[in-house]
Amino acid sequence: MLHNYLSTENWLITESGFSRGRANYHETVFTIGNGRLGTRGSFEEGHQGELSGTFLAGVYDSHDSPVIDLVNAPDWLGFVVTVGGVRMDIDTCSVVTHERALDIRHGVLWRKSTFRDSLGRETTLETIRFASMADRRLCVLRAEVTADNHEAEIVVESSIDGRRRNLERKPAYPPGTKFAPEIKWEKWAKTNHLAETGRLAANSSIHLGMRTISSGIDIGYSAATETSVTPRSHAVREQHARIADVLTFTPAAGETIRLDKFVSIVTSRDNAAVYDSCQKALAAHRAAGFDAVLADSKTAWTRKWDDCDTEIVGDAEATKAMRFNAYQLLIAVNEDDPTVSIGAKSLSGEGYRGHIFWDTEILMLPFFIYTQPDAAKALLRYRYHTLDGARIIASKSGFRGARYAWESADSGREECPQWTADGRERLWMGEEELHITADVAYGVLTYVAATGDTEFLADFGAEIVFETSRYWADCVTWSRSRGAYELNSVIGPDEFHSHVDNNAYTNALVRWQFGEALRIYRELQANNPEALARIADKIELTAREVEQWGEIASLIAANRTNNSGVIEQFDGYFDRTHVPITMWDDNNMPQYPEGYHHFNCEDTDLLKQPDVVMLMYLLPDQFALDAKRANFDYYEARTLHKSSLSPAIHAIMGIEVGDHTRALQYFTRSAFVDLADNQGNTHEGIHAASAGGTWQAFVSGFGGFRVMNGTPTFNPWLPPEWDEIRFRLRWRGSRLSVSVRHSDMTLQLDASPETRENVMVQGQPIELTAGIPCTVELQRSERAERAHIGS
């Protein structure tokens with residue numbers, strides 16, 4: 001039984017029975033991947049209303065579409081079983097039983113379905129599939145077909161299909177119009193990005209070559225199907241952009257036929273001869289066999305979980321949700337490819353066209369920095385890879401330096417559409433949501449602080465920070481009346497308000513970045529003058545220019561505060577119409593006040609997501625606790641959480657300021673955003689930012705982990721419902737294992753012998769020694785504790 005390949009129940013996300021209305025949701029949730037590719041959890045045989053897709057990181061194309069798309073790549077999964085001429089699928093037959101399980105520990109999807117045709121013949125299809133984490137070119141499907149009560153001829157068609165389309169636009173039907181699940185995607189206009197370059201049957205395998213039409217990326221798939229029973233006949237079926245092995249069997253009643261489908265996927269992005277590389281990889285994995293390649297992949301998965309697993313003692317479902325979110329992040333990143341990043345929907349769907357946002361640096365990157373630092377470095381090198389694109393954006397505005405795109409893809413150019421998909425509403429983010437440029441610099445410096453990777457800083461990071469600082473120096477404008485530099489007509493993280501002046505988040509982060517740029521320049525000057533000279537020569541940077549950044553920083557406009565210490569989100573925010581939130585949904589989350597929606601909140605004080613509160617989370621050193629509390633209380637009451645990243649940040653900051661009332665609720669909202677589909681759009685793809693935010697809510701909220709003045713600090717709090725939480729962090733090359741209970745916490749440094757590291761627990765310094773656990777008593781009222789070394 002293929003079910004025996006799965007892990008224990010606490011690692012499984014399951015489905016029992018088939019619901020057509022939930023099929024697209026399960027396609028997203030059951031996505032498998034390895035960072036190089038992602039394949040949605042569609043049925044091998046397909047069904048009416050499916051939203052299937054395989055997405056290859058970095059394979060973008062703009063042919064026939066208004067902005068560039070992450071291409072819906074050829075389908076490697078195709079596997080159709082026909083019994084006595086009847087196709088075994090949910091549209092043609094009755095479904096007797098149906099079960100699926102995603103093993104998030106090893107990235108394996110299992111499925112077992114029994115079909116009954118109109119003659120009463122029952123056939124069971126059991127499959128297991130995975131995208132190898134050991135060799136990211138490889139995808140594998142094992143299928144067992146059982147003739148339960150018949151001896152009818154069974155034909156299996158195992159295919160590669162390049163006839164794929166991306167969703168483009170749905171016509172503007174009257175509000176409230178809904179379509180049946182079978183036809184709703186047929187209503188959309190589609191975009192074609194692929195052209196066939198060839199197909200071939202050779203070496204007992206099939207091969208399909210496709211090419212992206214505008215970007216010119218060659219894509220090759222080679223596939224071979226091994227069988228446990230010699231087929232009565234074997235043929236190859238070819239048609240335009242599709243090729244398939246067709247195998248015919250004549251089983252006895254009750255007999256099971258096992259088939260192993262190996263698929264190798266190579267693109268011209270790999271700097272290799274596509275066909276030859278496909279064939280070579282395919283031959284090696286066929287020779288090794290299914291069990292060996294699965295074992296290799298499981299070993300690679302185990303190494304990743306060793307650094308990032310989390311556990312909540314007393315809440316098994318929350319533990320599973322934490323692991324599910326970590327799984328989705330792990331299958332979205334490839335530490336071996338510094339030319340790609342993670343889109344808003346990862347590699348799990350077409351939502352946001354696969355574009356990369358600020359979500360990566362602010363919400364997702366911390367997970368990788370503190371658990372998978374090599375992956376974090378690769379994500380930041382994507383920003384270096386696209387630095388020339390950012391320079392072009394800046395120059396088009398008449399500025400020097402580099403301004404990062406609000407939505408980027410392969411080149412770093414701005415890919416943000418100017419209109420909503422239905423053409424009704426203007427989108428200003430591409431012109432005004434400038435803070436992403438400072439967010440990238442923030443990600444670079446957070447990584448360097450946590451890893452001590454000064455080589456990365458010298459080779460890549462410093463140039464990013466210097467070029468983006470140069471942009472900010474040109475972007476600010478001097479206000480004589482205010483006697484300060486301003487940033488005008490911008491959008492902050494709260495996207496309900498456009499064309500605003502001096503957004504507090506943007507101004508403060510730019511001010512901080514200037515200070516950090518000056519610090520880095522001086523450190524390189526002292527410690528690595530050769531690297532500084534190389535960078536300065538390349539971008540024509542002078543010491544005087546850097547000093548000017550410091551001068552500008554001291555004069556960037558500060559936002560006014562009210563009598564309670566609340567920072568005004570932007571100039572004039574306090575004068576906007578106050579619209580109270582009076583309605584909450586079944587999850588106790590706020591709803592739009594009557595008459596309001598995303599595009600008509602400009603004149604109100606309603607927020608889409610945290611803005612000033614987000615600033616205080618990112619720069620914890622710069623604000624006193626009383627200020628954090630005042631701003632949290634004020635802005636939380638006005639926030640509608642219409643972004644999936646919002647609840648996680650509110651969970652963290654609520655715990656930090658001592659307001660625990662909704663921390664667990666916010667965490668739950670974030671942790672289950674896709675498993676519970678609480679935003680109603682999981683079918684479009686995973687909420688990758690929320691996955692990263694969930695990890696931060698767990699570690700930085702309940703675990704109380706923050707980096708303050710360059711030192712790891714902990715000030716944890718546990719909900720009464722939980723007994724203990726456990727997580728692991730990477731810091732300066734060492735692993736730190738953390739366990740938190742209501743009365744105490746234990747930290748253990750796993751590093752080379754004699755390694756020592758200083759941390760702070762509730763304000764008191766603790767020195768950790770490698771291999772020796774340190775248990776610290778937690779105080780609820782006073783910030784003091786006793787350390788029990790070795791207990």
# chains A, B, ... in the order shown; residues from 1 in each chain; ligands from 1
>>> residues_around(residues="Glu636 (chain A)", least_positions_apart="6", cutoff="10 Å", atoms="only C-alpha atoms", output="PyMOL selection string")
chain A and resi 606-607+609-610+613+650+654
>>> write_last_selection(atoms="N, CA, C and O atoms", output="mmCIF file, in the first residue's frame")
data_model
loop_
_atom_site.group_PDB
_atom_site.id
_atom_site.type_symbol
_atom_site.label_atom_id
_atom_site.label_comp_id
_atom_site.auth_asym_id
_atom_site.auth_seq_id
_atom_site.Cartn_x
_atom_site.Cartn_y
_atom_site.Cartn_z
ATOM 1 N N LEU A 606 -9.810 54.508 8.281
ATOM 2 C CA LEU A 606 -9.718 53.048 8.248
ATOM 3 C C LEU A 606 -8.391 52.613 7.627
ATOM 4 O O LEU A 606 -7.901 53.238 6.685
ATOM 5 N N LEU A 607 -7.827 51.534 8.143
ATOM 6 C CA LEU A 607 -6.574 50.991 7.625
ATOM 7 C C LEU A 607 -6.807 49.609 7.027
ATOM 8 O O LEU A 607 -7.590 48.815 7.559
ATOM 9 N N GLN A 609 -4.153 47.510 6.711
ATOM 10 C CA GLN A 609 -3.188 46.672 7.427
ATOM 11 C C GLN A 609 -2.263 47.580 8.228
ATOM 12 O O GLN A 609 -2.295 48.801 8.069
ATOM 13 N N PRO A 610 -1.407 47.024 9.093
ATOM 14 C CA PRO A 610 -0.575 47.880 9.954
ATOM 15 C C PRO A 610 0.400 48.738 9.176
ATOM 16 O O PRO A 610 1.007 48.292 8.205
ATOM 17 N N VAL A 613 2.180 50.666 13.182
ATOM 18 C CA VAL A 613 2.427 49.479 14.008
ATOM 19 C C VAL A 613 3.487 48.594 13.362
ATOM 20 O O VAL A 613 4.352 48.032 14.056
ATOM 21 N N HIS A 650 -0.136 42.054 14.229
ATOM 22 C CA HIS A 650 -0.903 42.489 15.396
ATOM 23 C C HIS A 650 -0.770 41.502 16.548
ATOM 24 O O HIS A 650 -0.804 41.911 17.723
ATOM 25 N N GLY A 654 0.725 43.043 19.886
ATOM 26 C CA GLY A 654 -0.164 42.964 21.029
ATOM 27 C C GLY A 654 0.528 42.317 22.222
ATOM 28 O O GLY A 654 0.432 42.794 23.359
#
>>> select_by_dssp(residues="region 164-320 of chain A", states="strand (DSSP E)", output="number ranges by chain")
A: 166-169, 189-191, 194-202, 205-212, 218-227, 233-239, 242-249, 256-267, 311-313
>>> closest_atom_pairs(of="region 437-548 of chain A", to="region 399-422 of chain A", cutoff="9 Å", atoms="only C-alpha atoms", output="tab-separated table")
residue	atom	partner	partner_atom	distance
A:Thr437	CA	A:Tyr404	CA	5.1
A:Ala438	CA	A:Tyr404	CA	8.9
A:Val440	CA	A:Tyr404	CA	8.0
A:Ile464	CA	A:Ala402	CA	8.0
A:Phe466	CA	A:Gly401	CA	7.9
A:Glu467	CA	A:Gly401	CA	4.5
A:Thr468	CA	A:Ala402	CA	4.9
A:Ser469	CA	A:Gly401	CA	7.3
A:Arg470	CA	A:Gly401	CA	4.9
A:Tyr471	CA	A:Gly401	CA	4.4
A:Trp472	CA	A:Gly401	CA	8.1
A:Ala473	CA	A:Arg400	CA	8.7
A:Asp474	CA	A:Phe399	CA	5.8
A:Cys475	CA	A:Phe399	CA	6.9
A:Ile539	CA	A:Gly401	CA	8.7
>>> residues_around(residues="region 20-34 of chain A", least_positions_apart="3", cutoff="6 Å", atoms="only C-alpha atoms", output="PyMOL selection string")
chain A and resi 37-42+131+133+181+331+348+682-683+685
>>> write_last_selection(atoms="N, CA, C and O atoms", output="mmCIF file, in the first residue's frame")
data_model
loop_
_atom_site.group_PDB
_atom_site.id
_atom_site.type_symbol
_atom_site.label_atom_id
_atom_site.label_comp_id
_atom_site.auth_asym_id
_atom_site.auth_seq_id
_atom_site.Cartn_x
_atom_site.Cartn_y
_atom_site.Cartn_z
ATOM 1 N N LEU A 37 10.374 24.296 -8.696
ATOM 2 C CA LEU A 37 9.070 24.173 -9.333
ATOM 3 C C LEU A 37 8.023 23.877 -8.279
ATOM 4 O O LEU A 37 8.318 23.398 -7.185
ATOM 5 N N GLY A 38 6.791 24.169 -8.630
ATOM 6 C CA GLY A 38 5.650 23.813 -7.805
ATOM 7 C C GLY A 38 4.564 23.252 -8.696
ATOM 8 O O GLY A 38 4.322 23.782 -9.783
ATOM 9 N N THR A 39 3.918 22.182 -8.246
ATOM 10 C CA THR A 39 2.818 21.578 -8.997
ATOM 11 C C THR A 39 1.591 21.524 -8.104
ATOM 12 O O THR A 39 1.635 20.949 -7.004
ATOM 13 N N ARG A 40 0.525 22.147 -8.553
ATOM 14 C CA ARG A 40 -0.706 22.166 -7.776
ATOM 15 C C ARG A 40 -1.260 20.749 -7.625
ATOM 16 O O ARG A 40 -0.996 19.861 -8.433
ATOM 17 N N GLY A 41 -2.064 20.573 -6.564
ATOM 18 C CA GLY A 41 -2.567 19.246 -6.233
ATOM 19 C C GLY A 41 -3.784 18.840 -7.033
ATOM 20 O O GLY A 41 -4.791 18.391 -6.462
ATOM 21 N N SER A 42 -3.702 18.950 -8.350
ATOM 22 C CA SER A 42 -4.800 18.537 -9.223
ATOM 23 C C SER A 42 -4.768 17.022 -9.413
ATOM 24 O O SER A 42 -3.742 16.378 -9.201
ATOM 25 N N ALA A 131 8.054 16.079 -5.782
ATOM 26 C CA ALA A 131 9.098 16.801 -6.508
ATOM 27 C C ALA A 131 10.351 16.674 -5.657
ATOM 28 O O ALA A 131 10.369 17.102 -4.505
ATOM 29 N N MET A 133 13.516 16.948 -3.525
ATOM 30 C CA MET A 133 14.270 18.010 -2.892
ATOM 31 C C MET A 133 15.772 17.739 -2.991
ATOM 32 O O MET A 133 16.585 18.618 -2.726
ATOM 33 N N PRO A 181 -18.804 25.540 -10.479
ATOM 34 C CA PRO A 181 -17.373 25.205 -10.456
ATOM 35 C C PRO A 181 -16.871 24.591 -11.757
ATOM 36 O O PRO A 181 -15.711 24.789 -12.121
ATOM 37 N N ILE A 331 9.014 24.890 0.133
ATOM 38 C CA ILE A 331 8.885 24.469 -1.270
ATOM 39 C C ILE A 331 8.865 25.660 -2.222
ATOM 40 O O ILE A 331 8.737 25.483 -3.436
ATOM 41 N N SER A 348 2.494 28.166 -6.212
ATOM 42 C CA SER A 348 1.286 27.371 -5.979
ATOM 43 C C SER A 348 0.080 27.846 -6.767
ATOM 44 O O SER A 348 -0.994 27.242 -6.658
ATOM 45 N N THR A 682 -8.110 30.979 -1.242
ATOM 46 C CA THR A 682 -6.981 30.048 -1.255
ATOM 47 C C THR A 682 -6.840 29.369 -2.609
ATOM 48 O O THR A 682 -5.729 28.987 -3.000
ATOM 49 N N HIS A 683 -7.921 29.240 -3.341
ATOM 50 C CA HIS A 683 -7.844 28.595 -4.657
ATOM 51 C C HIS A 683 -6.872 29.309 -5.594
ATOM 52 O O HIS A 683 -6.353 28.695 -6.535
ATOM 53 N N GLY A 685 -3.940 30.440 -4.780
ATOM 54 C CA GLY A 685 -2.566 30.144 -4.394
ATOM 55 C C GLY A 685 -2.364 30.416 -2.921
ATOM 56 O O GLY A 685 -3.167 31.086 -2.260
#
>>> closest_residue(among="A:Val673, A:Val81, A:Leu330, A:Ile206", to="Leu125 (chain A)", atoms="only C-alpha atoms")
A:Val81
>>> residues_around(residues="region 234-236 of chain A", least_positions_apart="4", cutoff="6 Å", atoms="only C-alpha atoms", output="list in words")
Ala244, Asp245, Val246 and Leu247 of chain A
>>> residues_around(residues="region 431-433 of chain A", least_positions_apart="4", cutoff="9 Å", atoms="only C-alpha atoms", output="count of residues only")
12
>>> atom_distance(atom1="CA of Gly701 (chain A)", atom2="CA of Gly565 (chain A)")
23.3 Å
>>> residues_around(residues="Ile219 (chain A)", least_positions_apart="3", cutoff="8 Å", atoms="only C-alpha atoms", output="PDB file with all heavy atoms, in the first residue's frame")
ATOM      1  N   GLY A 209       9.596  19.499 -26.013  1.00  0.00           N
ATOM      2  CA  GLY A 209      10.284  20.782 -25.912  1.00  0.00           C
ATOM      3  C   GLY A 209       9.326  21.918 -26.189  1.00  0.00           C
ATOM      4  O   GLY A 209       8.574  21.887 -27.162  1.00  0.00           O
ATOM      5  N   MET A 210       9.339  22.927 -25.323  1.00  0.00           N
ATOM      6  CA  MET A 210       8.528  24.125 -25.497  1.00  0.00           C
ATOM      7  C   MET A 210       9.424  25.341 -25.291  1.00  0.00           C
ATOM      8  O   MET A 210      10.510  25.253 -24.713  1.00  0.00           O
ATOM      9  CB  MET A 210       7.368  24.163 -24.492  1.00  0.00           C
ATOM     10  CG  MET A 210       6.449  22.957 -24.498  1.00  0.00           C
ATOM     11  SD  MET A 210       5.458  22.782 -26.005  1.00  0.00           S
ATOM     12  CE  MET A 210       4.329  24.171 -25.856  1.00  0.00           C
ATOM     13  N   ARG A 211       8.979  26.494 -25.771  1.00  0.00           N
ATOM     14  CA  ARG A 211       9.741  27.726 -25.597  1.00  0.00           C
ATOM     15  C   ARG A 211       8.778  28.857 -25.267  1.00  0.00           C
ATOM     16  O   ARG A 211       7.707  28.983 -25.884  1.00  0.00           O
ATOM     17  CB  ARG A 211      10.530  28.068 -26.855  1.00  0.00           C
ATOM     18  CG  ARG A 211      11.336  29.374 -26.746  1.00  0.00           C
ATOM     19  CD  ARG A 211      12.151  29.622 -28.018  1.00  0.00           C
ATOM     20  NE  ARG A 211      13.163  28.592 -28.190  1.00  0.00           N
ATOM     21  CZ  ARG A 211      13.512  28.084 -29.377  1.00  0.00           C
ATOM     22  NH1 ARG A 211      12.926  28.506 -30.484  1.00  0.00           N
ATOM     23  NH2 ARG A 211      14.445  27.147 -29.442  1.00  0.00           N
ATOM     24  N   THR A 212       9.142  29.686 -24.292  1.00  0.00           N
ATOM     25  CA  THR A 212       8.326  30.862 -23.998  1.00  0.00           C
ATOM     26  C   THR A 212       8.451  31.840 -25.162  1.00  0.00           C
ATOM     27  O   THR A 212       9.542  32.062 -25.688  1.00  0.00           O
ATOM     28  CB  THR A 212       8.748  31.534 -22.689  1.00  0.00           C
ATOM     29  OG1 THR A 212      10.140  31.869 -22.755  1.00  0.00           O
ATOM     30  CG2 THR A 212       8.515  30.602 -21.511  1.00  0.00           C
ATOM     31  N   ILE A 265      13.021  17.720 -15.668  1.00  0.00           N
ATOM     32  CA  ILE A 265      12.642  19.026 -16.217  1.00  0.00           C
ATOM     33  C   ILE A 265      13.873  19.925 -16.217  1.00  0.00           C
ATOM     34  O   ILE A 265      14.487  20.142 -15.173  1.00  0.00           O
ATOM     35  CB  ILE A 265      11.510  19.659 -15.399  1.00  0.00           C
ATOM     36  CG1 ILE A 265      10.284  18.735 -15.378  1.00  0.00           C
ATOM     37  CG2 ILE A 265      11.150  21.037 -15.944  1.00  0.00           C
ATOM     38  CD1 ILE A 265       9.165  19.204 -14.467  1.00  0.00           C
ATOM     39  N   VAL A 266      14.227  20.438 -17.391  1.00  0.00           N
ATOM     40  CA  VAL A 266      15.392  21.305 -17.542  1.00  0.00           C
ATOM     41  C   VAL A 266      14.986  22.497 -18.396  1.00  0.00           C
ATOM     42  O   VAL A 266      14.177  22.367 -19.317  1.00  0.00           O
ATOM     43  CB  VAL A 266      16.573  20.546 -18.196  1.00  0.00           C
ATOM     44  CG1 VAL A 266      17.761  21.479 -18.428  1.00  0.00           C
ATOM     45  CG2 VAL A 266      16.994  19.355 -17.332  1.00  0.00           C
ATOM     46  N   THR A 267      15.538  23.658 -18.105  1.00  0.00           N
ATOM     47  CA  THR A 267      15.295  24.838 -18.933  1.00  0.00           C
ATOM     48  C   THR A 267      16.619  25.455 -19.350  1.00  0.00           C
ATOM     49  O   THR A 267      17.672  25.152 -18.772  1.00  0.00           O
ATOM     50  CB  THR A 267      14.464  25.903 -18.192  1.00  0.00           C
ATOM     51  OG1 THR A 267      15.300  26.628 -17.290  1.00  0.00           O
ATOM     52  CG2 THR A 267      13.304  25.290 -17.433  1.00  0.00           C
ATOM     53  N   SER A 268      16.560  26.341 -20.310  1.00  0.00           N
ATOM     54  CA  SER A 268      17.775  27.026 -20.756  1.00  0.00           C
ATOM     55  C   SER A 268      18.295  27.977 -19.688  1.00  0.00           C
ATOM     56  O   SER A 268      19.435  28.447 -19.789  1.00  0.00           O
ATOM     57  CB  SER A 268      17.511  27.776 -22.063  1.00  0.00           C
ATOM     58  OG  SER A 268      16.407  28.664 -21.942  1.00  0.00           O
ATOM     59  N   VAL A 274      19.403  21.447 -23.122  1.00  0.00           N
ATOM     60  CA  VAL A 274      18.163  21.046 -22.475  1.00  0.00           C
ATOM     61  C   VAL A 274      17.866  19.566 -22.684  1.00  0.00           C
ATOM     62  O   VAL A 274      17.662  18.812 -21.716  1.00  0.00           O
ATOM     63  CB  VAL A 274      16.997  21.924 -22.961  1.00  0.00           C
ATOM     64  CG1 VAL A 274      15.670  21.389 -22.437  1.00  0.00           C
ATOM     65  CG2 VAL A 274      17.199  23.366 -22.510  1.00  0.00           C
TER      66      VAL A 274
END
>>> select_by_dssp(residues="region 299-479 of chain A", states="helix (DSSP H, G or I)", output="JSON list (two decimals) with C-alpha atoms, in the first residue's frame")
[["chain", "number", "residue", "atom", "x", "y", "z"],
["A", 299, "THR", "CA", 16.90, 12.91, 3.55],
["A", 300, "ALA", "CA", 17.06, 16.42, 2.10],
["A", 301, "TRP", "CA", 13.73, 17.25, 3.77],
["A", 302, "THR", "CA", 14.97, 15.96, 7.12],
["A", 303, "ARG", "CA", 17.92, 18.34, 7.03],
["A", 304, "LYS", "CA", 15.58, 21.28, 6.48],
["A", 305, "TRP", "CA", 13.21, 20.31, 9.28],
["A", 306, "ASP", "CA", 16.13, 19.87, 11.65],
["A", 307, "ASP", "CA", 16.60, 23.65, 11.47],
["A", 308, "CYS", "CA", 13.03, 24.91, 11.35],
["A", 316, "ALA", "CA", -1.75, 19.47, 17.96],
["A", 317, "GLU", "CA", -3.78, 21.29, 15.31],
["A", 318, "ALA", "CA", -1.83, 24.52, 15.78],
["A", 319, "THR", "CA", 1.42, 22.54, 15.54],
["A", 320, "LYS", "CA", 0.25, 21.06, 12.26],
["A", 321, "ALA", "CA", -0.72, 24.52, 10.98],
["A", 322, "MET", "CA", 2.73, 25.85, 11.88],
["A", 323, "ARG", "CA", 4.37, 22.99, 10.00],
["A", 324, "PHE", "CA", 2.08, 23.47, 7.02],
["A", 325, "ASN", "CA", 3.08, 27.12, 6.73],
["A", 326, "ALA", "CA", 6.76, 26.23, 7.04],
["A", 327, "TYR", "CA", 6.30, 23.53, 4.39],
["A", 328, "GLN", "CA", 4.84, 26.07, 1.99],
["A", 329, "LEU", "CA", 7.82, 28.36, 2.53],
["A", 330, "LEU", "CA", 10.33, 25.54, 2.10],
["A", 351, "GLY", "CA", -2.45, 34.87, -8.18],
["A", 352, "TYR", "CA", -0.59, 38.19, -8.64],
["A", 353, "ARG", "CA", 0.96, 36.65, -11.79],
["A", 354, "GLY", "CA", 3.88, 35.28, -9.81],
["A", 359, "ASP", "CA", 6.28, 40.53, 1.30],
["A", 360, "THR", "CA", 9.47, 38.63, 0.57],
["A", 361, "GLU", "CA", 11.85, 40.82, 2.59],
["A", 362, "ILE", "CA", 9.50, 41.81, 5.41],
["A", 363, "LEU", "CA", 7.30, 38.75, 5.96],
["A", 364, "MET", "CA", 9.08, 35.72, 4.48],
["A", 365, "LEU", "CA", 12.78, 36.50, 4.68],
["A", 366, "PRO", "CA", 13.02, 36.35, 8.51],
["A", 367, "PHE", "CA", 11.97, 32.68, 8.45],
["A", 368, "PHE", "CA", 14.85, 31.92, 6.11],
["A", 369, "ILE", "CA", 17.37, 34.21, 7.84],
["A", 370, "TYR", "CA", 16.84, 32.44, 11.16],
["A", 371, "THR", "CA", 16.35, 28.86, 9.91],
["A", 373, "PRO", "CA", 20.37, 31.27, 5.93],
["A", 374, "ASP", "CA", 21.64, 29.95, 2.59],
["A", 375, "ALA", "CA", 18.14, 30.34, 1.20],
["A", 376, "ALA", "CA", 17.93, 33.85, 2.67],
["A", 377, "LYS", "CA", 21.16, 34.78, 0.91],
["A", 378, "ALA", "CA", 19.81, 33.49, -2.41],
["A", 379, "LEU", "CA", 16.64, 35.59, -2.00],
["A", 380, "LEU", "CA", 18.70, 38.70, -1.36],
["A", 381, "ARG", "CA", 20.97, 37.95, -4.28],
["A", 382, "TYR", "CA", 17.84, 38.08, -6.44],
["A", 383, "ARG", "CA", 17.64, 41.75, -5.45],
["A", 384, "TYR", "CA", 21.25, 42.17, -6.55],
["A", 385, "HIS", "CA", 20.46, 40.29, -9.77],
["A", 387, "LEU", "CA", 19.61, 45.87, -9.29],
["A", 388, "ASP", "CA", 20.08, 47.10, -12.86],
["A", 389, "GLY", "CA", 16.32, 46.97, -13.33],
["A", 390, "ALA", "CA", 15.93, 49.06, -10.19],
["A", 391, "ARG", "CA", 18.45, 51.56, -11.55],
["A", 392, "ILE", "CA", 16.39, 51.88, -14.73],
["A", 393, "ILE", "CA", 13.23, 52.60, -12.71],
["A", 394, "ALA", "CA", 15.02, 55.32, -10.77],
["A", 395, "SER", "CA", 16.44, 56.89, -13.92],
["A", 396, "LYS", "CA", 13.00, 57.00, -15.56],
["A", 429, "MET", "CA", 1.16, 51.17, -6.12],
["A", 430, "GLY", "CA", 3.63, 50.97, -8.98],
["A", 431, "GLU", "CA", 4.09, 54.73, -8.93],
["A", 432, "GLU", "CA", 3.77, 55.45, -5.21],
["A", 436, "ILE", "CA", 9.79, 48.61, -0.93],
["A", 437, "THR", "CA", 13.18, 50.17, -1.74],
["A", 438, "ALA", "CA", 13.88, 50.66, 1.97],
["A", 439, "ASP", "CA", 12.35, 47.25, 2.73],
["A", 440, "VAL", "CA", 14.97, 45.58, 0.53],
["A", 441, "ALA", "CA", 17.77, 47.41, 2.35],
["A", 442, "TYR", "CA", 16.19, 46.36, 5.64],
["A", 443, "GLY", "CA", 16.26, 42.72, 4.51],
["A", 444, "VAL", "CA", 19.92, 42.96, 3.52],
["A", 445, "LEU", "CA", 20.97, 44.43, 6.85],
["A", 446, "THR", "CA", 18.83, 42.05, 8.92],
["A", 447, "TYR", "CA", 20.48, 39.11, 7.18],
["A", 448, "VAL", "CA", 23.99, 40.44, 7.75],
["A", 449, "ALA", "CA", 23.28, 41.16, 11.42],
["A", 450, "ALA", "CA", 21.96, 37.64, 12.04],
["A", 451, "THR", "CA", 24.59, 35.75, 10.07],
["A", 454, "THR", "CA", 30.39, 40.28, 5.83],
["A", 455, "GLU", "CA", 31.46, 38.63, 2.57],
["A", 456, "PHE", "CA", 27.90, 38.93, 1.26],
["A", 457, "LEU", "CA", 27.82, 42.54, 2.43],
["A", 458, "ALA", "CA", 31.02, 43.36, 0.56],
["A", 459, "ASP", "CA", 30.10, 41.46, -2.61],
["A", 460, "PHE", "CA", 26.40, 42.33, -2.92],
["A", 461, "GLY", "CA", 24.67, 43.93, 0.04],
["A", 462, "ALA", "CA", 26.58, 47.18, 0.38],
["A", 463, "GLU", "CA", 26.04, 48.08, -3.25],
["A", 464, "ILE", "CA", 22.29, 47.56, -2.82],
["A", 465, "VAL", "CA", 22.23, 49.75, 0.30],
["A", 466, "PHE", "CA", 24.36, 52.49, -1.29],
["A", 467, "GLU", "CA", 22.43, 52.63, -4.56],
["A", 468, "THR", "CA", 19.03, 52.69, -2.84],
["A", 469, "SER", "CA", 20.27, 55.37, -0.42],
["A", 470, "ARG", "CA", 21.38, 57.43, -3.43],
["A", 471, "TYR", "CA", 17.86, 57.11, -4.81],
["A", 472, "TRP", "CA", 16.32, 58.32, -1.55],
["A", 473, "ALA", "CA", 18.68, 61.31, -1.46],
["A", 474, "ASP", "CA", 17.35, 62.37, -4.86],
["A", 475, "CYS", "CA", 13.74, 61.50, -4.06]]
>>> residues_around(residues="Lys184 (chain A)", least_positions_apart="2", cutoff="10 Å", atoms="only C-alpha atoms", output="number ranges by chain")
A: 48-50, 170, 178-182, 186-188
>>> atom_distance(atom1="CA of Asp161 (chain A)", atom2="CA of Gly289 (chain A)")
24.0 Å
>>> closest_residue(among="A:Phe262, A:Tyr596, A:Trp512, A:Tyr635", to="Gln569 (chain A)", atoms="only C-alpha atoms")
A:Tyr635
>>> closest_residue(among="A:Ile649, A:Val140, A:Leu736, A:Met760", to="Val108 (chain A)", atoms="only C-alpha atoms")
A:Val140
>>> atom_distance(atom1="CA of Arg519 (chain A)", atom2="CA of Leu555 (chain A)")
17.7 Å
>>> decode(residues="region 159-163 of chain A", atoms="N, CA and C atoms", output="PDB file, in the first residue's frame")
ATOM      1  N   SER A 159       1.350  11.165 -19.906  1.00  0.00           N
ATOM      2  CA  SER A 159       1.615  12.214 -20.888  1.00  0.00           C
ATOM      3  C   SER A 159       2.439  13.361 -20.344  1.00  0.00           C
ATOM      4  N   ILE A 160       2.972  14.151 -21.287  1.00  0.00           N
ATOM      5  CA  ILE A 160       3.506  15.491 -21.049  1.00  0.00           C
ATOM      6  C   ILE A 160       2.709  16.417 -21.944  1.00  0.00           C
ATOM      7  N   ASP A 161       2.143  17.457 -21.372  1.00  0.00           N
ATOM      8  CA  ASP A 161       1.215  18.311 -22.129  1.00  0.00           C
ATOM      9  C   ASP A 161       1.662  19.766 -22.052  1.00  0.00           C
ATOM     10  N   GLY A 162       2.029  20.331 -23.209  1.00  0.00           N
ATOM     11  CA  GLY A 162       2.464  21.721 -23.269  1.00  0.00           C
ATOM     12  C   GLY A 162       1.372  22.689 -23.658  1.00  0.00           C
ATOM     13  N   ARG A 163       0.150  22.218 -23.769  1.00  0.00           N
ATOM     14  CA  ARG A 163      -0.965  23.084 -24.194  1.00  0.00           C
ATOM     15  C   ARG A 163      -1.554  23.792 -22.973  1.00  0.00           C
TER      16      ARG A 163
END
